[in-house]
$ cat my_file-v2.txt   # compact mmCIF, C-alpha atoms and all ligand atoms
# COMPACT_ATOMS: atom_id res chain seq x y z
CA MET A 1 19.87 12.85 22.98
CA LYS A 2 19.56 10.07 20.44
CA ILE A 3 22.29 9.47 17.85
CA PRO A 4 20.62 8.57 14.53
CA ILE A 5 22.21 6.06 12.20
CA MET A 6 21.95 8.26 9.11
CA MET A 7 20.83 11.82 8.42
CA PRO A 8 20.37 13.58 5.08
CA VAL A 9 21.56 17.18 4.73
CA VAL A 10 19.05 19.81 3.58
CA ASP A 11 20.31 23.37 3.38
CA GLU A 12 19.02 26.75 2.20
CA GLU A 13 20.59 26.43 -1.26
CA MET A 14 18.77 23.13 -1.82
CA LYS A 15 15.46 24.64 -0.76
CA ALA A 16 15.98 27.64 -3.03
CA ALA A 17 16.96 25.39 -5.96
CA ALA A 18 13.81 23.30 -5.49
CA LEU A 19 11.58 26.36 -5.31
CA ASN A 20 13.22 27.94 -8.32
CA ALA A 21 12.73 24.76 -10.38
CA LEU A 22 9.12 24.51 -9.29
CA GLN A 23 8.36 28.10 -10.22
CA ASN A 24 10.43 28.51 -13.36
CA GLU A 25 11.03 25.18 -15.09
CA LYS A 26 9.07 22.45 -16.80
CA MET A 27 8.16 19.98 -14.05
CA VAL A 28 9.23 17.03 -16.19
CA LEU A 29 12.46 17.05 -18.21
CA GLY A 30 13.17 20.65 -17.25
CA GLU A 31 16.59 22.19 -17.72
CA SER A 32 17.81 21.09 -14.27
CA VAL A 33 17.45 17.43 -15.27
CA PHE A 34 19.97 17.83 -18.08
CA ARG A 35 22.26 19.98 -15.98
CA PHE A 36 22.22 17.38 -13.22
CA GLU A 37 23.00 14.59 -15.69
CA GLU A 38 25.89 16.52 -17.22
CA ALA A 39 27.35 17.31 -13.82
CA PHE A 40 26.95 13.69 -12.68
CA ALA A 41 28.66 12.32 -15.80
CA GLU A 42 31.52 14.75 -15.32
CA TYR A 43 31.78 13.82 -11.65
CA THR A 44 31.95 10.07 -12.31
CA GLY A 45 34.24 10.49 -15.32
CA THR A 46 31.79 8.95 -17.79
CA LYS A 47 30.58 10.38 -21.08
CA TYR A 48 26.87 10.09 -20.32
CA ALA A 49 24.48 10.01 -17.39
CA VAL A 50 20.75 9.43 -17.67
CA SER A 51 18.53 10.08 -14.67
CA THR A 52 15.60 7.97 -13.56
CA ASN A 53 13.17 7.70 -10.67
CA SER A 54 14.97 5.12 -8.45
CA GLY A 55 18.03 2.95 -8.14
CA THR A 56 15.88 -0.11 -8.72
CA MET A 57 14.62 1.31 -12.01
CA ALA A 58 18.21 2.18 -12.98
CA LEU A 59 19.23 -1.48 -12.51
CA MET A 60 16.20 -2.71 -14.41
CA LEU A 61 16.60 -0.39 -17.38
CA ALA A 62 20.36 -1.03 -17.52
CA GLN A 63 19.66 -4.72 -18.12
CA ILE A 64 17.11 -4.00 -20.85
CA ALA A 65 19.49 -1.57 -22.57
CA LEU A 66 22.21 -4.24 -22.58
CA GLY A 67 19.89 -6.78 -24.19
CA VAL A 68 18.87 -8.91 -21.21
CA LYS A 69 15.70 -10.75 -22.16
CA LYS A 70 13.16 -13.08 -20.59
CA GLY A 71 14.83 -16.36 -19.63
CA ASP A 72 18.38 -14.93 -19.63
CA LYS A 73 20.54 -15.30 -16.55
CA VAL A 74 22.00 -12.35 -14.66
CA SER A 75 24.28 -12.77 -11.65
CA CYS A 76 24.68 -10.76 -8.45
CA PRO A 77 25.90 -11.34 -4.89
CA ALA A 78 23.56 -13.18 -2.52
CA LEU A 79 23.77 -10.31 -0.04
CA SER A 80 22.45 -6.93 -1.09
CA PHE A 81 19.32 -4.85 -0.81
CA ILE A 82 16.47 -6.83 -2.39
CA ALA A 83 16.31 -4.37 -5.32
CA THR A 84 19.47 -5.85 -6.85
CA ALA A 85 17.88 -9.27 -7.39
CA ASN A 86 14.38 -7.91 -7.99
CA SER A 87 15.64 -5.84 -10.92
CA ILE A 88 16.57 -9.14 -12.59
CA LEU A 89 13.21 -10.76 -11.88
CA HIS A 90 11.30 -7.71 -13.12
CA ASN A 91 12.81 -8.32 -16.55
CA GLY A 92 11.79 -11.97 -16.56
CA ALA A 93 15.44 -13.00 -16.23
CA GLU A 94 16.76 -15.47 -13.69
CA PRO A 95 19.06 -14.37 -10.89
CA VAL A 96 22.24 -16.38 -10.38
CA PHE A 97 23.65 -15.70 -6.93
CA PHE A 98 27.32 -15.74 -5.97
CA ASP A 99 28.50 -15.91 -2.38
CA ILE A 100 30.30 -12.98 -0.80
CA SER A 101 33.59 -12.54 0.97
CA SER A 102 33.42 -12.29 4.76
CA ARG A 103 36.18 -9.66 4.62
CA ASP A 104 33.98 -6.96 3.14
CA GLY A 105 30.60 -8.36 2.07
CA ASN A 106 31.35 -7.91 -1.62
CA ILE A 107 31.08 -10.58 -4.27
CA ASP A 108 33.96 -13.05 -3.78
CA MET A 109 35.55 -13.16 -7.23
CA ALA A 110 37.73 -16.11 -6.25
CA LYS A 111 34.56 -18.23 -6.01
CA VAL A 112 32.77 -16.90 -9.08
CA LYS A 113 32.35 -19.45 -11.88
CA HIS A 114 30.52 -18.39 -15.03
CA LYS A 115 27.04 -19.88 -15.09
CA GLY A 116 26.06 -18.68 -18.54
CA GLU A 117 24.85 -15.31 -17.33
CA LYS A 118 24.59 -12.45 -19.80
CA ALA A 119 25.45 -9.80 -17.23
CA ILE A 120 26.88 -9.58 -13.74
CA ILE A 121 25.83 -6.97 -11.18
CA PRO A 122 28.62 -6.38 -8.66
CA VAL A 123 27.38 -4.38 -5.67
CA HIS A 124 29.76 -1.92 -4.02
CA LEU A 125 28.37 -2.69 -0.59
CA TYR A 126 28.61 0.09 2.02
CA GLY A 127 30.46 2.28 -0.49
CA ASN A 128 33.37 -0.16 -0.66
CA MET A 129 34.26 -1.05 -4.21
CA CYS A 130 34.42 -4.59 -5.56
CA ASP A 131 37.56 -6.04 -7.08
CA MET A 132 37.19 -4.30 -10.43
CA ASP A 133 40.37 -5.84 -11.88
CA ALA A 134 39.02 -9.35 -11.30
CA LEU A 135 35.66 -8.29 -12.74
CA ALA A 136 37.29 -6.86 -15.88
CA GLU A 137 39.09 -10.17 -16.34
CA TYR A 138 35.81 -12.07 -15.78
CA LYS A 139 34.08 -9.95 -18.40
CA ARG A 140 36.88 -10.49 -20.90
CA LYS A 141 36.93 -14.26 -20.42
CA ASN A 142 33.19 -14.86 -20.38
CA ASN A 143 31.79 -12.06 -22.49
CA VAL A 144 29.40 -10.82 -19.84
CA ALA A 145 28.23 -7.24 -19.42
CA ILE A 146 28.98 -5.50 -16.13
CA ILE A 147 26.30 -3.41 -14.45
CA GLU A 148 27.72 -1.76 -11.35
CA ASP A 149 25.27 -1.47 -8.51
CA ALA A 150 26.74 1.76 -7.16
CA ALA A 151 23.58 2.61 -5.20
CA GLU A 152 25.74 2.88 -2.06
CA ALA A 153 28.92 4.18 -3.66
CA HIS A 154 28.60 7.75 -4.90
CA GLY A 155 32.15 9.05 -5.14
CA ALA A 156 33.88 5.79 -4.21
CA ILE A 157 37.24 5.45 -5.94
CA TYR A 158 39.10 2.36 -7.16
CA LYS A 159 42.63 2.90 -8.47
CA GLY A 160 41.90 6.52 -9.31
CA LYS A 161 38.57 5.95 -11.07
CA LYS A 162 35.11 6.57 -9.69
CA ALA A 163 32.37 4.01 -9.09
CA GLY A 164 30.04 3.89 -12.07
CA SER A 165 32.86 4.33 -14.60
CA PHE A 166 33.95 0.68 -14.76
CA GLY A 167 30.88 -1.19 -15.95
CA ASP A 168 28.98 -1.03 -19.21
CA ILE A 169 26.49 0.87 -17.08
CA GLY A 170 26.75 2.23 -13.54
CA CYS A 171 23.58 2.49 -11.46
CA PHE A 172 23.03 4.89 -8.57
CA SER A 173 20.25 5.47 -6.06
CA PHE A 174 19.39 8.83 -4.52
CA TYR A 175 17.18 7.41 -1.80
CA SER A 176 17.16 9.80 1.13
CA THR A 177 19.80 8.06 3.27
CA LYS A 178 22.41 7.72 0.53
CA ASN A 179 25.68 9.70 0.40
CA MET A 180 23.71 12.18 -1.69
CA THR A 181 19.98 12.42 -2.34
CA VAL A 182 17.58 14.36 -4.53
CA GLY A 183 15.12 15.00 -1.71
CA GLY A 184 13.34 11.70 -2.27
CA ASP A 185 13.59 8.74 -4.61
CA GLY A 186 15.73 9.00 -7.70
CA GLY A 187 18.40 7.20 -9.67
CA MET A 188 21.10 7.66 -12.28
CA MET A 189 22.69 5.46 -14.96
CA THR A 190 26.18 6.25 -16.22
CA ALA A 191 27.72 4.96 -19.46
CA ASP A 192 30.43 5.72 -21.99
CA ASN A 193 28.64 4.28 -24.99
CA GLU A 194 26.42 6.75 -26.84
CA GLU A 195 23.99 4.12 -28.16
CA THR A 196 23.56 2.71 -24.66
CA ALA A 197 22.86 6.19 -23.29
CA LYS A 198 20.27 6.82 -26.01
CA LYS A 199 18.55 3.53 -25.23
CA LEU A 200 18.48 4.39 -21.54
CA ARG A 201 16.93 7.78 -22.23
CA LYS A 202 14.25 6.21 -24.41
CA LEU A 203 13.46 3.58 -21.81
CA THR A 204 12.95 6.22 -19.12
CA ASP A 205 10.78 8.36 -21.40
CA CYS A 206 7.95 6.09 -22.60
CA GLY A 207 10.04 4.58 -25.41
CA ARG A 208 9.71 7.80 -27.39
CA LYS A 209 11.24 8.11 -30.83
CA THR A 210 9.40 11.38 -31.38
CA LYS A 211 6.76 12.99 -29.18
CA TYR A 212 3.99 10.52 -30.05
CA GLU A 213 5.91 7.77 -31.82
CA HIS A 214 7.15 4.92 -29.63
CA ASP A 215 9.49 2.27 -31.01
CA VAL A 216 10.57 0.49 -27.82
CA LEU A 217 8.57 -0.66 -24.82
CA GLY A 218 9.47 2.19 -22.49
CA TYR A 219 8.49 3.32 -19.02
CA THR A 220 7.48 6.55 -17.34
CA ALA A 221 10.62 6.53 -15.26
CA ARG A 222 12.03 10.05 -15.41
CA LEU A 223 13.53 11.99 -12.54
CA ASN A 224 11.36 15.01 -11.68
CA THR A 225 12.90 18.43 -12.37
CA ILE A 226 12.51 19.56 -8.77
CA ASN A 227 14.51 16.52 -7.59
CA ALA A 228 17.21 17.13 -10.19
CA ALA A 229 17.54 20.73 -8.98
CA ILE A 230 18.16 19.48 -5.43
CA GLY A 231 20.54 16.84 -6.82
CA ILE A 232 22.70 19.50 -8.48
CA VAL A 233 23.33 21.17 -5.12
CA GLN A 234 23.84 17.85 -3.31
CA LEU A 235 26.38 16.75 -5.91
CA LYS A 236 28.36 19.96 -5.35
CA ARG A 237 28.71 18.99 -1.67
CA LEU A 238 29.45 15.29 -2.24
CA GLU A 239 33.26 15.47 -2.16
CA GLU A 240 33.23 17.46 1.07
CA TRP A 241 30.67 15.07 2.58
CA ASN A 242 32.62 11.98 1.55
CA LYS A 243 35.71 13.50 3.12
CA ALA A 244 33.77 13.92 6.37
CA ARG A 245 32.54 10.30 6.11
CA ARG A 246 36.11 9.06 5.59
CA GLY A 247 37.24 11.06 8.62
CA ALA A 248 34.48 9.57 10.78
CA ALA A 249 35.31 6.07 9.53
CA ALA A 250 38.99 6.58 10.40
CA ALA A 251 37.97 7.59 13.93
CA TYR A 252 35.88 4.42 14.26
CA SER A 253 38.75 2.27 12.99
CA LYS A 254 41.13 3.87 15.47
CA ASN A 255 38.86 3.19 18.44
CA LEU A 256 37.59 -0.30 17.66
CA PRO A 257 39.40 -3.65 17.81
CA LYS A 258 40.77 -4.83 14.46
CA GLU A 259 39.03 -8.20 14.63
CA ILE A 260 35.56 -6.68 14.30
CA GLN A 261 36.47 -4.36 11.42
CA LEU A 262 35.68 -5.05 7.79
CA GLN A 263 38.38 -4.56 5.18
CA TYR A 264 37.49 -1.27 3.62
CA LYS A 265 39.54 -0.34 0.58
CA GLU A 266 41.16 3.02 0.18
CA GLY A 267 38.71 5.27 -1.66
CA CYS A 268 35.67 3.76 0.09
CA ALA A 269 32.76 6.21 0.19
CA TYR A 270 31.54 4.83 3.56
CA TYR A 271 27.82 4.73 3.00
CA THR A 272 27.89 2.90 6.32
CA TYR A 273 30.51 1.97 8.87
CA THR A 274 29.77 -1.68 9.46
CA ILE A 275 31.40 -4.04 11.92
CA ARG A 276 31.21 -7.82 12.16
CA LEU A 277 30.67 -9.33 15.61
CA LYS A 278 31.46 -12.87 16.76
CA ASP A 279 27.96 -14.25 16.22
CA GLU A 280 24.30 -13.30 16.07
CA LYS A 281 23.94 -13.31 19.85
CA GLN A 282 26.81 -10.89 20.35
CA ARG A 283 25.57 -8.71 17.47
CA ASP A 284 22.06 -8.46 18.90
CA MET A 285 23.44 -7.81 22.37
CA ALA A 286 25.64 -5.02 21.05
CA ALA A 287 22.70 -3.44 19.18
CA ALA A 288 20.55 -3.59 22.34
CA HIS A 289 23.37 -2.17 24.49
CA LEU A 290 23.80 0.77 22.11
CA GLU A 291 20.08 1.38 21.85
CA LYS A 292 19.86 1.71 25.64
CA GLU A 293 22.24 4.66 25.28
CA GLY A 294 20.13 6.20 22.50
CA ILE A 295 22.53 5.05 19.78
CA MET A 296 20.74 3.78 16.68
CA THR A 297 22.24 0.96 14.63
CA GLY A 298 21.20 -0.98 11.54
CA VAL A 299 21.69 -4.34 9.85
CA TYR A 300 22.28 -4.21 6.10
CA PHE A 301 20.97 -6.75 5.40
CA PRO A 302 19.54 -9.24 7.89
CA ILE A 303 18.27 -11.73 5.27
CA PRO A 304 20.34 -12.62 2.19
CA MET A 305 18.29 -12.30 -0.97
CA HIS A 306 18.08 -16.03 -1.78
CA LEU A 307 16.40 -16.61 1.61
CA GLN A 308 13.77 -13.92 1.08
CA PRO A 309 10.33 -15.54 0.82
CA ILE A 310 9.86 -14.68 -2.87
CA TYR A 311 13.17 -16.33 -3.82
CA ARG A 312 12.66 -19.33 -1.54
CA GLU A 313 9.25 -19.89 -3.09
CA ARG A 314 10.31 -19.45 -6.68
CA TYR A 315 13.61 -21.30 -6.64
CA GLY A 316 13.45 -23.48 -3.54
CA TYR A 317 16.47 -21.94 -1.84
CA LYS A 318 17.22 -23.19 1.65
CA GLU A 319 19.65 -22.27 4.42
CA GLY A 320 23.19 -23.35 3.70
CA ARG A 321 23.19 -22.50 0.00
CA TYR A 322 25.36 -19.37 0.33
CA PRO A 323 26.94 -19.90 3.74
CA VAL A 324 29.17 -16.83 3.88
CA SER A 325 26.30 -14.47 3.06
CA GLU A 326 24.10 -16.20 5.62
CA LYS A 327 26.70 -16.00 8.39
CA PHE A 328 27.66 -12.44 7.51
CA SER A 329 24.04 -11.24 7.69
CA LYS A 330 23.83 -12.55 11.25
CA GLU A 331 27.03 -10.88 12.45
CA ILE A 332 27.01 -7.41 10.92
CA LEU A 333 26.05 -4.17 12.59
CA SER A 334 26.19 -0.70 11.06
CA LEU A 335 27.05 2.19 13.37
CA PRO A 336 25.88 5.80 13.05
CA LEU A 337 27.53 7.62 10.17
CA PHE A 338 26.38 10.95 8.82
CA VAL A 339 27.79 14.33 7.89
CA GLY A 340 28.25 16.29 11.12
CA ILE A 341 28.71 13.33 13.47
CA LYS A 342 30.96 14.53 16.28
CA ASP A 343 34.21 12.99 17.53
CA GLU A 344 32.71 12.70 21.04
CA GLN A 345 29.76 10.78 19.60
CA ILE A 346 32.07 8.35 17.80
CA LYS A 347 34.11 7.90 20.99
CA LEU A 348 30.96 7.16 22.98
CA ILE A 349 29.72 4.69 20.36
CA CYS A 350 33.08 2.89 20.33
CA GLU A 351 33.13 2.77 24.11
CA LYS A 352 29.69 1.13 24.10
CA VAL A 353 30.66 -1.36 21.37
CA ASN A 354 33.78 -2.27 23.36
CA GLU A 355 31.68 -2.74 26.51
CA ALA A 356 29.26 -4.97 24.61
CA ILE A 357 31.91 -7.25 23.16
CA ASN A 358 33.72 -7.55 26.49
CA GLN A 359 30.56 -8.48 28.41
C1 LIG A 401 22.79 -1.92 -3.02
C2 LIG A 401 21.50 -1.28 -3.41
N1 LIG A 401 21.00 -1.56 -4.64
C3 LIG A 401 19.86 -0.99 -5.06
C4 LIG A 401 19.16 -0.10 -4.28
C5 LIG A 401 17.84 0.42 -4.79
O1 LIG A 401 17.76 1.79 -4.88
P1 LIG A 401 16.34 2.51 -4.73
O2 LIG A 401 15.92 2.39 -3.30
O3 LIG A 401 16.63 3.93 -5.12
O4 LIG A 401 15.40 1.86 -5.65
C6 LIG A 401 19.66 0.22 -2.99
C7 LIG A 401 19.05 1.17 -2.06
O5 LIG A 401 17.99 1.45 -1.79
C8 LIG A 401 20.85 -0.39 -2.55
O6 LIG A 401 21.34 -0.13 -1.33
$ encode --input "my_file-v2.txt" --output "structure tokens" --more "lines below"
Ligand SMILES: Cc1ncc(COP(=O)(O)O)c(C=O)c1O
Amino acid sequence: MKIPIMMPVVDEEMKAAALNALQNEKMVLGESVFRFEEAFAEYTGTKYAVSTNSGTMALMLAQIALGVKKGDKVSCPALSFIATANSILHNGAEPVFFDISSRDGNIDMAKVKHKGEKAIIPVHLYGNMCDMDALAEYKRKNNVAIIEDAAEAHGAIYKGKKAGSFGDIGCFSFYSTKNMTVGGDGGMMTADNEETAKKLRKLTDCGRKTKYEHDVLGYTARLNTINAAIGIVQLKRLEEWNKARRGAAAAYSKNLPKEIQLQYKEGCAYYTYTIRLKDEKQRDMAAAHLEKEGIMTGVYFPIPMHLQPIYRERYGYKEGRYPVSEKFSKEILSLPLFVGIKDEQIKLICEKVNEAINQ
């Protein structure tokens, strides 16, 4: 039997919640949407949460709400899902990339020098939080806004506080493979500032001041009620699921050699369990060896964003510009991690990884 890399959980309560919302609530901006937002804000320890229809949209609207305009600069790590950088381009702003640390794939704050950007988007890659102390210091010194890309970090904790509660705005994705989903695409933006939250709401809801009066250029970017209803149930399970993820990650760490392990911080939400092999050849060999046994793996992400065709074409980026990101993308491999993965499966996967690296 195949071992998938990720697997969303759908249970009877989620199905019933979806059906109930469909039959009894307004399909758009129904009661479940507001209940989900309240529960999410409480969970992350922020005052407000505003839902939207994807993580990408959350990142885009967060920048608009914080005053990012055409021609402004916004920074982010060179290695992330393309949505991080695209959200900057969508607003007509210019992405400034920073290289990552090979220890964990997160933005390397030791190498970050302010390039005049209005906002920085740290990405908590694989559910592992960035150095939020260094980021707070960076914000203070350079007067930049922080937009956390917490698309992979629902429930991750840094020094007792949850992901999404550090930045001016925290952005989450509920895409189906994430630590929690809404049964399809969806996103959430968290904030402590009331004005910011109001702006975010307006931006998601056609720029409405009143029903047919529009005073900002808004979008139709709301989360559907049926998805919010599923999200409420998923959020209730998140702590238990993250505990299971942390348990599975500990089992991986116990059974794999230290030199291929990333440095995951305590409190990591383990969206993935990712290892770093010696080089691309060994990584590809390991992936092929595991696949032969029916074990699925993934590479997040095989091409750093600056080397994606659209960024190469627009800005003339070439290989060698962000060397750590480029090397890292060739060496990483994510192993199966989902709620319900069995100890025997983890043991088998580790055995196969060990075989591959000792070949
Ligand atoms: C780091 C990161 N940022 C942004 C996104 C975009 O989220 P979405 O797919 O919901 O638009 C994702 C995931 O898809 C992601 O992994």
$ residues_around --input "my_file-v2.txt" --residues "Ser32 in chain A" --least-positions-apart "3" --cutoff "7 Å" --atoms "all atoms listed in the file" --output "list in words"
Arg35, Phe36, Thr225, Ala228 and Ala229 of chain A
$ write_last_selection --input "my_file-v2.txt" --atoms "C-alpha atoms" --output "PDB file, in the frame of the given file"
ATOM      1  CA  ARG A  35      22.260  19.980 -15.980  1.00  0.00           C
ATOM      2  CA  PHE A  36      22.220  17.380 -13.220  1.00  0.00           C
ATOM      3  CA  THR A 225      12.900  18.430 -12.370  1.00  0.00           C
ATOM      4  CA  ALA A 228      17.210  17.130 -10.190  1.00  0.00           C
ATOM      5  CA  ALA A 229      17.540  20.730  -8.980  1.00  0.00           C
TER       6      ALA A 229
END
$ atom_distance --input "my_file-v2.txt" --atom1 "CA of Ile82 in chain A" --atom2 "CA of Leu235 in chain A"
25.8 Å
$ atom_distance --input "my_file-v2.txt" --atom1 "CA of Lys278 in chain A" --atom2 "CA of Arg312 in chain A"
27.0 Å
$ residues_near_ligand --input "my_file-v2.txt" --ligand "ligand LIG 401 (chain A)" --cutoff "8 Å" --atoms "all atoms listed in the file" --output "list in words"
Asn53, Ser54, Gly55, Thr56, Met57, Ala58, Leu59, Ser80, Phe81, Ile82, Ala83, Thr84, Val123, His124, Leu125, Tyr126, Asp149, Ala150, Ala151, Glu152, Phe172, Ser173, Phe174, Tyr175, Lys178, Asp185, Gly186 and Gly187 of chain A
$ residues_around --input "my_file-v2.txt" --residues "Ser176 in chain A" --least-positions-apart "6" --cutoff "8 Å" --atoms "only C-alpha atoms" --output "list in words"
Pro8, Val182, Gly183, Gly184 and Asp185 of chain A
$ residues_around --input "my_file-v2.txt" --residues "Glu12 in chain A" --least-positions-apart "5" --cutoff "12 Å" --atoms "all atoms listed in the file" --output "PDB file with C-alpha atoms, keeping the file's coordinate frame"
ATOM      1  CA  ALA A  17      16.960  25.390  -5.960  1.00  0.00           C
ATOM      2  CA  ALA A  18      13.810  23.300  -5.490  1.00  0.00           C
ATOM      3  CA  LEU A  19      11.580  26.360  -5.310  1.00  0.00           C
ATOM      4  CA  ILE A 230      18.160  19.480  -5.430  1.00  0.00           C
ATOM      5  CA  VAL A 233      23.330  21.170  -5.120  1.00  0.00           C
ATOM      6  CA  GLN A 234      23.840  17.850  -3.310  1.00  0.00           C
TER       7      GLN A 234
END
$ residues_around --input "my_file-v2.txt" --residues "Lys47 in chain A" --least-positions-apart "2" --cutoff "10 Å" --atoms "all atoms listed in the file" --output "PyMOL selection string"
chain A and resi 38+40-42+44-45+49+165+190-194+197
